>>> print(open('structure_39.pdb').read())   # PDB, C-alpha atoms
ATOM      1  CA  MET T   1      -9.934 143.869 -34.597
ATOM      2  CA  LYS T   2     -10.860 141.845 -31.542
ATOM      3  CA  VAL T   3      -7.969 140.608 -29.407
ATOM      4  CA  TYR T   4      -8.258 136.954 -28.391
ATOM      5  CA  LYS T   5      -6.713 135.612 -25.193
ATOM      6  CA  GLN T   6      -4.343 132.733 -24.505
ATOM      7  CA  TRP T   7      -3.638 131.297 -21.074
ATOM      8  CA  HIS T   8      -2.652 128.263 -19.018
ATOM      9  CA  ASP T   9      -5.370 127.289 -16.554
ATOM     10  CA  GLU T  10      -4.939 125.920 -13.030
ATOM     11  CA  LYS T  11      -4.246 122.419 -14.439
ATOM     12  CA  MET T  12      -1.663 123.894 -16.862
ATOM     13  CA  ASN T  13      -3.931 123.098 -19.807
ATOM     14  CA  PHE T  14      -3.247 125.607 -22.560
ATOM     15  CA  CYS T  15      -6.291 127.528 -23.806
ATOM     16  CA  SER T  16      -6.568 129.783 -26.834
ATOM     17  CA  GLU T  17      -9.502 131.850 -28.041
ATOM     18  CA  THR T  18      -9.956 132.401 -31.743
ATOM     19  CA  MET T  19     -12.538 132.617 -34.479
ATOM     20  CA  VAL T  20     -13.178 130.334 -37.441
ATOM     21  CA  TYR T  21     -12.302 132.565 -40.375
ATOM     22  CA  PHE T  22     -13.750 132.506 -43.871
ATOM     23  CA  SER T  23     -10.498 131.253 -45.432
ATOM     24  CA  GLN T  24     -10.457 128.248 -43.085
ATOM     25  CA  CYS T  25     -13.846 126.943 -44.174
ATOM     26  CA  THR T  26     -15.188 124.620 -46.824
ATOM     27  CA  GLU T  27     -17.956 125.612 -49.223
ATOM     28  CA  ASN T  28     -20.323 124.259 -46.555
ATOM     29  CA  LYS T  29     -19.163 127.072 -44.246
ATOM     30  CA  VAL T  30     -17.578 124.793 -41.646
ATOM     31  CA  LEU T  31     -13.947 124.427 -40.625
ATOM     32  CA  SER T  32     -12.051 122.279 -43.127
ATOM     33  CA  LEU T  33     -10.296 119.128 -41.985
ATOM     34  CA  HIS T  34      -6.833 120.310 -42.938
ATOM     35  CA  GLU T  35      -7.369 123.629 -41.152
ATOM     36  CA  LEU T  36      -8.406 121.697 -38.038
ATOM     37  CA  LEU T  37      -5.139 119.723 -38.158
ATOM     38  CA  LYS T  38      -3.195 122.930 -38.698
ATOM     39  CA  MET T  39      -4.996 124.654 -35.827
ATOM     40  CA  THR T  40      -4.404 121.840 -33.356
ATOM     41  CA  SER T  41      -0.737 121.451 -34.332
ATOM     42  CA  ASP T  42      -0.238 125.190 -33.932
ATOM     43  CA  ILE T  43      -1.780 125.272 -30.461
ATOM     44  CA  ALA T  44       0.507 122.422 -29.385
ATOM     45  CA  THR T  45       3.487 124.433 -30.641
ATOM     46  CA  GLU T  46       2.282 127.570 -28.870
ATOM     47  CA  ASP T  47       1.809 125.638 -25.617
ATOM     48  CA  PHE T  48       5.497 124.722 -25.796
ATOM     49  CA  ASN T  49       6.449 128.278 -26.834
ATOM     50  CA  GLN T  50       4.889 129.691 -23.695
ATOM     51  CA  ARG T  51       6.666 127.096 -21.551
ATOM     52  CA  ASP T  52      10.098 128.043 -22.910
ATOM     53  CA  MET T  53      10.277 125.122 -25.338
ATOM     54  CA  SER T  54       9.909 126.999 -28.615
ATOM     55  CA  THR T  55      11.077 125.566 -31.926
ATOM     56  CA  HIS T  56      14.108 127.871 -31.592
ATOM     57  CA  VAL T  57      15.013 126.225 -28.266
ATOM     58  CA  LEU T  58      14.373 122.749 -29.655
ATOM     59  CA  ARG T  59      16.695 123.383 -32.588
ATOM     60  CA  LYS T  60      19.557 124.056 -30.156
ATOM     61  CA  TYR T  61      19.238 120.411 -29.112
ATOM     62  CA  ASN T  62      18.639 119.170 -32.684
ATOM     63  CA  TYR T  63      15.100 118.258 -31.617
ATOM     64  CA  ALA T  64      11.879 118.382 -33.596
ATOM     65  CA  PHE T  65       8.451 116.975 -32.779
ATOM     66  CA  LEU T  66       6.459 115.312 -35.565
ATOM     67  CA  VAL T  67       2.851 114.162 -35.383
ATOM     68  CA  SER T  68       2.674 110.398 -35.857
ATOM     69  CA  ARG T  69      -1.015 109.661 -35.213
ATOM     70  CA  THR T  70      -4.154 111.722 -34.700
ATOM     71  CA  ALA T  71      -7.820 110.995 -33.981
ATOM     72  CA  PHE T  72     -10.708 113.470 -33.791
ATOM     73  CA  ARG T  73     -14.398 113.206 -32.979
ATOM     74  CA  PHE T  74     -16.632 115.876 -34.458
ATOM     75  CA  HIS T  75     -19.587 116.502 -32.167
ATOM     76  CA  ARG T  76     -20.264 119.434 -34.482
ATOM     77  CA  MET T  77     -17.735 121.005 -36.801
ATOM     78  CA  PRO T  78     -17.030 124.676 -35.938
ATOM     79  CA  LYS T  79     -18.769 127.101 -38.281
ATOM     80  CA  GLU T  80     -17.635 130.154 -40.200
ATOM     81  CA  ASN T  81     -17.316 133.221 -37.891
ATOM     82  CA  GLU T  82     -17.908 131.092 -34.774
ATOM     83  CA  GLU T  83     -15.812 132.088 -31.779
ATOM     84  CA  ILE T  84     -14.159 129.055 -30.210
ATOM     85  CA  VAL T  85     -11.771 128.070 -27.429
ATOM     86  CA  LEU T  86      -9.118 125.451 -28.150
ATOM     87  CA  GLU T  87      -7.726 123.576 -25.160
ATOM     88  CA  THR T  88      -4.761 121.204 -25.179
ATOM     89  CA  TRP T  89      -2.720 119.313 -22.622
ATOM     90  CA  GLU T  90      -0.024 116.677 -22.466
ATOM     91  CA  GLU T  91      -0.666 113.224 -21.025
ATOM     92  CA  LYS T  92       1.493 110.300 -19.934
ATOM     93  CA  ASN T  93       3.589 109.214 -22.878
ATOM     94  CA  ASP T  94       3.781 105.854 -24.588
ATOM     95  CA  PRO T  95       7.197 104.152 -24.655
ATOM     96  CA  LEU T  96       8.087 105.792 -27.985
ATOM     97  CA  GLN T  97       5.467 108.530 -28.414
ATOM     98  CA  PHE T  98       4.345 111.661 -26.639
ATOM     99  CA  VAL T  99       0.610 112.006 -26.059
ATOM    100  CA  ARG T 100      -1.459 115.191 -26.348
ATOM    101  CA  ALA T 101      -5.226 115.718 -26.049
ATOM    102  CA  TYR T 102      -7.507 118.463 -27.379
ATOM    103  CA  GLU T 103     -10.954 119.927 -26.915
ATOM    104  CA  ILE T 104     -12.636 122.657 -28.903
ATOM    105  CA  ARG T 105     -15.702 124.415 -27.505
ATOM    106  CA  ASN T 106     -17.719 127.433 -28.590
ATOM    107  CA  LYS T 107     -18.050 130.510 -26.390
ATOM    108  CA  ASP T 108     -21.165 129.012 -24.761
ATOM    109  CA  GLY T 109     -19.212 125.936 -23.664
ATOM    110  CA  GLU T 110     -20.670 123.519 -26.234
ATOM    111  CA  LYS T 111     -18.180 120.756 -27.021
ATOM    112  CA  LEU T 112     -17.446 120.766 -30.751
ATOM    113  CA  VAL T 113     -14.360 118.590 -31.273
ATOM    114  CA  SER T 114     -12.451 116.107 -29.088
ATOM    115  CA  GLY T 115      -9.062 114.819 -30.123
ATOM    116  CA  LEU T 116      -5.943 112.891 -29.294
ATOM    117  CA  SER T 117      -2.540 112.917 -30.956
ATOM    118  CA  LYS T 118       0.744 111.105 -30.636
ATOM    119  CA  TRP T 119       4.089 112.655 -31.475
ATOM    120  CA  ILE T 120       7.617 111.410 -32.033
ATOM    121  CA  LEU T 121      10.829 113.209 -31.122
ATOM    122  CA  ILE T 122      13.495 113.166 -33.814
ATOM    123  CA  ASP T 123      17.134 114.149 -34.009
ATOM    124  CA  THR T 124      17.144 116.616 -36.892
ATOM    125  CA  GLU T 125      20.805 115.988 -37.737
ATOM    126  CA  LEU T 126      20.769 112.197 -37.586
ATOM    127  CA  ARG T 127      17.170 112.026 -38.896
ATOM    128  CA  LYS T 128      16.269 109.307 -36.420
ATOM    129  CA  ILE T 129      13.584 108.812 -33.771
ATOM    130  CA  LEU T 130      14.688 109.392 -30.187
ATOM    131  CA  PRO T 131      13.299 107.655 -27.071
ATOM    132  CA  VAL T 132      10.907 109.839 -25.084
ATOM    133  CA  LYS T 133      13.226 109.568 -22.054
ATOM    134  CA  ASN T 134      15.757 111.667 -23.972
ATOM    135  CA  TYR T 135      13.475 114.681 -23.685
ATOM    136  CA  THR T 136      14.408 116.413 -20.423
ATOM    137  CA  LEU T 137      13.356 120.010 -21.122
ATOM    138  CA  ARG T 138      10.337 119.514 -18.841
ATOM    139  CA  PRO T 139       9.439 116.938 -16.148
ATOM    140  CA  PRO T 140       7.782 113.683 -17.333
ATOM    141  CA  VAL T 141       3.983 113.843 -17.491
ATOM    142  CA  SER T 142       2.015 111.308 -15.430
ATOM    143  CA  PHE T 143      -1.563 112.516 -16.037
ATOM    144  CA  GLU T 144      -3.982 110.271 -17.963
ATOM    145  CA  SER T 145      -7.680 110.697 -18.807
ATOM    146  CA  GLU T 146     -10.443 109.130 -20.880
ATOM    147  CA  HIS T 147     -10.849 110.465 -24.387
ATOM    148  CA  ASP T 148     -14.070 111.130 -26.259
ATOM    149  CA  CYS T 149     -12.716 110.011 -29.633
ATOM    150  CA  LEU T 150     -11.385 106.933 -31.390
ATOM    151  CA  SER T 151      -8.029 105.534 -30.354
ATOM    152  CA  CYS T 152      -4.842 106.397 -32.220
ATOM    153  CA  GLY T 153      -4.305 102.708 -32.920
ATOM    154  CA  LYS T 154      -3.344 100.817 -36.044
ATOM    155  CA  ILE T 155      -5.570 101.299 -39.089
ATOM    156  CA  ILE T 156      -6.540  98.138 -40.943
ATOM    157  CA  VAL T 157      -6.529  98.791 -44.681
ATOM    158  CA  PRO T 158      -9.043  96.816 -46.818
ATOM    159  CA  GLU T 159      -7.737  94.845 -49.768
ATOM    160  CA  ASN T 160     -10.096  96.545 -52.228
ATOM    161  CA  ILE T 161      -8.568 100.017 -52.208
ATOM    162  CA  SER T 162      -8.327 101.704 -55.598
ATOM    163  CA  LEU T 163      -6.547 104.773 -56.942
ATOM    164  CA  ILE T 164      -8.673 107.935 -56.729
ATOM    165  CA  GLY T 165      -6.112 110.691 -57.366
ATOM    166  CA  GLU T 166      -2.602 111.993 -56.853
ATOM    167  CA  HIS T 167      -0.721 115.070 -55.652
ATOM    168  CA  LYS T 168       2.794 116.260 -56.442
ATOM    169  CA  VAL T 169       4.296 117.673 -53.247
ATOM    170  CA  GLY T 170       5.227 121.300 -53.785
ATOM    171  CA  TYR T 171       7.025 124.116 -52.013
ATOM    172  CA  SER T 172       3.862 125.385 -50.289
ATOM    173  CA  ASP T 173       3.331 121.970 -48.663
ATOM    174  CA  ILE T 174       6.613 122.227 -46.706
ATOM    175  CA  ASP T 175       6.765 123.719 -43.193
ATOM    176  CA  ALA T 176       9.553 125.300 -41.101
ATOM    177  CA  ASN T 177      10.896 121.870 -40.108
ATOM    178  CA  GLY T 178      11.522 121.139 -43.779
ATOM    179  CA  HIS T 179       8.782 118.494 -43.787
ATOM    180  CA  THR T 180       5.454 118.163 -45.567
ATOM    181  CA  ASN T 181       3.172 119.644 -42.928
ATOM    182  CA  ASN T 182       0.861 117.037 -41.390
ATOM    183  CA  SER T 183      -2.219 119.138 -42.171
ATOM    184  CA  ARG T 184      -1.508 118.989 -45.894
ATOM    185  CA  TYR T 185      -2.163 115.241 -46.074
ATOM    186  CA  ALA T 186      -5.772 115.876 -45.034
ATOM    187  CA  ALA T 187      -6.075 118.411 -47.853
ATOM    188  CA  PHE T 188      -4.608 115.934 -50.357
ATOM    189  CA  MET T 189      -7.101 113.226 -49.400
ATOM    190  CA  MET T 190     -10.146 115.489 -49.286
ATOM    191  CA  ASP T 191      -9.294 116.896 -52.726
ATOM    192  CA  CYS T 192      -9.414 113.371 -54.140
ATOM    193  CA  LEU T 193     -12.720 112.234 -52.620
ATOM    194  CA  PRO T 194     -15.685 112.043 -55.022
ATOM    195  CA  SER T 195     -17.934 115.093 -54.744
ATOM    196  CA  LYS T 196     -20.834 113.103 -53.250
ATOM    197  CA  TYR T 197     -18.835 112.858 -50.010
ATOM    198  CA  HIS T 198     -18.168 116.602 -49.745
ATOM    199  CA  ASP T 199     -21.486 117.349 -48.032
ATOM    200  CA  ILE T 200     -21.227 114.571 -45.439
ATOM    201  CA  ALA T 201     -20.939 115.677 -41.817
ATOM    202  CA  PHE T 202     -18.205 113.288 -40.712
ATOM    203  CA  THR T 203     -18.245 112.181 -37.073
ATOM    204  CA  ASP T 204     -14.756 110.704 -36.659
ATOM    205  CA  PHE T 205     -11.369 110.897 -38.331
ATOM    206  CA  ARG T 206      -8.097 109.063 -37.771
ATOM    207  CA  ILE T 207      -4.775 109.368 -39.585
ATOM    208  CA  ASN T 208      -1.474 107.543 -39.101
ATOM    209  CA  PHE T 209       1.694 108.874 -40.687
ATOM    210  CA  SER T 210       4.251 106.330 -41.873
ATOM    211  CA  LYS T 211       6.725 107.976 -44.246
ATOM    212  CA  GLU T 212       7.006 111.574 -45.309
ATOM    213  CA  ALA T 213       6.268 112.520 -48.899
ATOM    214  CA  MET T 214       9.195 114.700 -50.026
ATOM    215  CA  ILE T 215       9.041 117.770 -52.217
ATOM    216  CA  GLY T 216       8.763 116.809 -55.882
ATOM    217  CA  GLU T 217       7.435 113.330 -55.131
ATOM    218  CA  VAL T 218       4.038 112.212 -56.392
ATOM    219  CA  LEU T 219       1.733 111.006 -53.647
ATOM    220  CA  LYS T 220      -0.880 108.601 -55.000
ATOM    221  CA  ILE T 221      -4.174 108.484 -53.098
ATOM    222  CA  TYR T 222      -6.109 105.216 -52.769
ATOM    223  CA  ALA T 223      -9.468 104.660 -51.077
ATOM    224  CA  ALA T 224     -12.040 102.033 -50.135
ATOM    225  CA  PHE T 225     -15.641 103.197 -49.730
ATOM    226  CA  GLU T 226     -17.927 101.297 -47.341
ATOM    227  CA  ASP T 227     -21.175 103.258 -47.545
ATOM    228  CA  ASP T 228     -23.135 100.594 -45.632
ATOM    229  CA  ASN T 229     -20.688 100.923 -42.723
ATOM    230  CA  LYS T 230     -20.440 104.703 -43.175
ATOM    231  CA  LYS T 231     -16.675 104.524 -43.474
ATOM    232  CA  ILE T 232     -13.966 105.561 -45.943
ATOM    233  CA  THR T 233     -10.383 104.325 -45.737
ATOM    234  CA  VAL T 234      -7.832 106.526 -47.521
ATOM    235  CA  VAL T 235      -4.183 105.632 -48.067
ATOM    236  CA  GLY T 236      -1.387 107.734 -49.536
ATOM    237  CA  LYS T 237       1.606 106.065 -51.176
ATOM    238  CA  VAL T 238       4.830 107.188 -52.785
ATOM    239  CA  GLY T 239       5.756 104.323 -55.076
ATOM    240  CA  ASP T 240       5.280 101.166 -53.008
ATOM    241  CA  SER T 241       5.856 102.952 -49.682
ATOM    242  CA  VAL T 242       2.889 103.949 -47.514
ATOM    243  CA  SER T 243       2.987 107.612 -46.537
ATOM    244  CA  PHE T 244      -0.236 107.756 -44.513
ATOM    245  CA  GLU T 245      -3.333 105.704 -43.683
ATOM    246  CA  SER T 246      -6.599 107.275 -42.574
ATOM    247  CA  GLU T 247     -10.254 106.646 -41.843
ATOM    248  CA  LEU T 248     -13.351 108.831 -42.052
ATOM    249  CA  TYR T 249     -16.658 107.877 -40.411
ATOM    250  CA  TRP T 250     -20.119 109.392 -40.554
TER
END
>>> encode(input="structure_39.pdb", output="C-alpha cells")
Amino acid sequence: MKVYKQWHDEKMNFCSETMVYFSQCTENKVLSLHELLKMTSDIATEDFNQRDMSTHVLRKYNYAFLVSRTAFRFHRMPKENEEIVLETWEEKNDPLQFVRAYEIRNKDGEKLVSGLSKWILIDTELRKILPVKNYTLRPPVSFESEHDCLSCGKIIVPENISLIGEHKVGYSDIDANGHTNNSRYAAFMMDCLPSKYHDIAFTDFRINFSKEAMIGEVLKIYAAFEDDNKKITVVGKVGDSVSFESELYW
C-alpha cells in the first residue's frame, strides 16, 4: 500500500496527501459531500494533533472545537482513485469564532475545492461557548487572505420550504465528542433530495449549524427548490428548533 505524506510547509499550512477511495464516492464516482466534510474536519484535527493540541490535550482543559459554519466551492469534485493534496491553515479569528481555510488540489496542482470554516470553542463540562481569547494553547493568529468560495454568512431561508424527509439520529451518527458529527448532516440532506438532483455537479455549498440533533431525536428535513436560480435551500429541524440551514448551488 502506498504511504502518503503529511507535513507543515514554510507558512505552517498543514498539507496531507491521500487518495479518494471507492467507499467515499457517490454512484457518480466523485467524492460525496459528507465525505468531503469529514475529510476537511479530520485534517483540521490532525493539524492540531501535530502541533501538540490533540483532542486528548484539549480534554484536559475541558475544551472541544465544533464546526459552526462551512462554505465550499467545487471547481471540480475529486474523483474515485484520484490522488489529492489537502491543505489547511488558520486565519485571524472572528470575535466568537475561529477561522480555518482549505484547498484541495490533485497531484498535478489543479485546484479542485476551496473552502472556509468557522469553529466555536466550548467548555465540555459546562456545555457553553467560550470566547476565543480563552484559547491560549497557541499564539493568536493574525493572517488573513481572500477566499475563493462563498462567505460563511447568514443563510436566508425562503418561506416556501416543505418537508422532504426525516432521519432518526442513531449511534453511528455520534462522534468521539459525543455529538452528531457535522459531516452526517450533509448525508441526511443528500439522502432526502429528489433523485433528479443526484446527478447535478454542484458548484457551491454552505451550511450553518444552529442546534445539535441528539441521539434518538428525529431530524425533519425541509427544502425549497429554485431551479431557475440553480439553488436549493435545505433546513433541518428537531421539533420547532432549527438544527442546520444550508444552500446548494449549481
>>> resolve_selection(input="structure_39.pdb", expression="the PyMOL selection byres ((chain T and resi 14-17) around 7)", output="list in words")
Tyr4, Lys5, Gln6, Trp7, His8, Asp9, Met12, Asn13, Thr18, Asp47, Ile84, Val85, Leu86, Glu87, Thr88 and Trp89 of chain T
>>> closest_residue(input="structure_39.pdb", among="T:Val57, T:Leu66, T:Leu121, T:Leu112", to="Glu82 (chain T)", atoms="all atoms listed in the file")
T:Leu112
>>> atom_distance(input="structure_39.pdb", atom1="CA of Phe188 (chain T)", atom2="CA of Lys237 (chain T)")
11.7 Å
>>> resolve_selection(input="structure_39.pdb", expression="the PyMOL selection byres ((chain T and resi 133) around 12)", output="PyMOL selection string")
chain T and resi 92-98+120-121+129-132+134-141
>>> write_last_selection(input="structure_39.pdb", atoms="C-alpha atoms", output="PDB file, in the coordinates of the input")
ATOM      1  CA  LYS T  92       1.493 110.300 -19.934  1.00  0.00           C
ATOM      2  CA  ASN T  93       3.589 109.214 -22.878  1.00  0.00           C
ATOM      3  CA  ASP T  94       3.781 105.854 -24.588  1.00  0.00           C
ATOM      4  CA  PRO T  95       7.197 104.152 -24.655  1.00  0.00           C
ATOM      5  CA  LEU T  96       8.087 105.792 -27.985  1.00  0.00           C
ATOM      6  CA  GLN T  97       5.467 108.530 -28.414  1.00  0.00           C
ATOM      7  CA  PHE T  98       4.345 111.661 -26.639  1.00  0.00           C
ATOM      8  CA  ILE T 120       7.617 111.410 -32.033  1.00  0.00           C
ATOM      9  CA  LEU T 121      10.829 113.209 -31.122  1.00  0.00           C
ATOM     10  CA  ILE T 129      13.584 108.812 -33.771  1.00  0.00           C
ATOM     11  CA  LEU T 130      14.688 109.392 -30.187  1.00  0.00           C
ATOM     12  CA  PRO T 131      13.299 107.655 -27.071  1.00  0.00           C
ATOM     13  CA  VAL T 132      10.907 109.839 -25.084  1.00  0.00           C
ATOM     14  CA  ASN T 134      15.757 111.667 -23.972  1.00  0.00           C
ATOM     15  CA  TYR T 135      13.475 114.681 -23.685  1.00  0.00           C
ATOM     16  CA  THR T 136      14.408 116.413 -20.423  1.00  0.00           C
ATOM     17  CA  LEU T 137      13.356 120.010 -21.122  1.00  0.00           C
ATOM     18  CA  ARG T 138      10.337 119.514 -18.841  1.00  0.00           C
ATOM     19  CA  PRO T 139       9.439 116.938 -16.148  1.00  0.00           C
ATOM     20  CA  PRO T 140       7.782 113.683 -17.333  1.00  0.00           C
ATOM     21  CA  VAL T 141       3.983 113.843 -17.491  1.00  0.00           C
TER      22      VAL T 141
END
>>> atom_distance(input="structure_39.pdb", atom1="CA of Lys154 (chain T)", atom2="CA of Pro78 (chain T)")
27.5 Å
>>> atom_distance(input="structure_39.pdb", atom1="CA of Val3 (chain T)", atom2="CA of Met39 (chain T)")
17.5 Å
>>> closest_residue(input="structure_39.pdb", among="T:Asp240, T:Asp148, T:Glu125, T:Glu27", to="Ala71 (chain T)", atoms="all atoms listed in the file")
T:Asp148
>>> closest_residue(input="structure_39.pdb", among="T:Lys38, T:His167, T:Lys231, T:Lys107", to="Met189 (chain T)", atoms="all atoms listed in the file")
T:His167
>>> closest_atom_pairs(input="structure_39.pdb", of="region 102-187 of chain T", to="region 208-223 of chain T", cutoff="6 Å", atoms="all atoms listed in the file", output="JSON lines")
{"residue": "T:Ile161", "atom": "CA", "partner": "T:Ala223", "partner_atom": "CA", "distance": 4.9}
{"residue": "T:Ser162", "atom": "CA", "partner": "T:Tyr222", "partner_atom": "CA", "distance": 5.0}
{"residue": "T:Leu163", "atom": "CA", "partner": "T:Tyr222", "partner_atom": "CA", "distance": 4.2}
{"residue": "T:Ile164", "atom": "CA", "partner": "T:Tyr222", "partner_atom": "CA", "distance": 5.4}
{"residue": "T:Gly165", "atom": "CA", "partner": "T:Ile221", "partner_atom": "CA", "distance": 5.2}
{"residue": "T:Glu166", "atom": "CA", "partner": "T:Lys220", "partner_atom": "CA", "distance": 4.2}
{"residue": "T:His167", "atom": "CA", "partner": "T:Leu219", "partner_atom": "CA", "distance": 5.2}
{"residue": "T:Lys168", "atom": "CA", "partner": "T:Val218", "partner_atom": "CA", "distance": 4.2}
{"residue": "T:Val169", "atom": "CA", "partner": "T:Ile215", "partner_atom": "CA", "distance": 4.9}
{"residue": "T:Gly170", "atom": "CA", "partner": "T:Ile215", "partner_atom": "CA", "distance": 5.4}
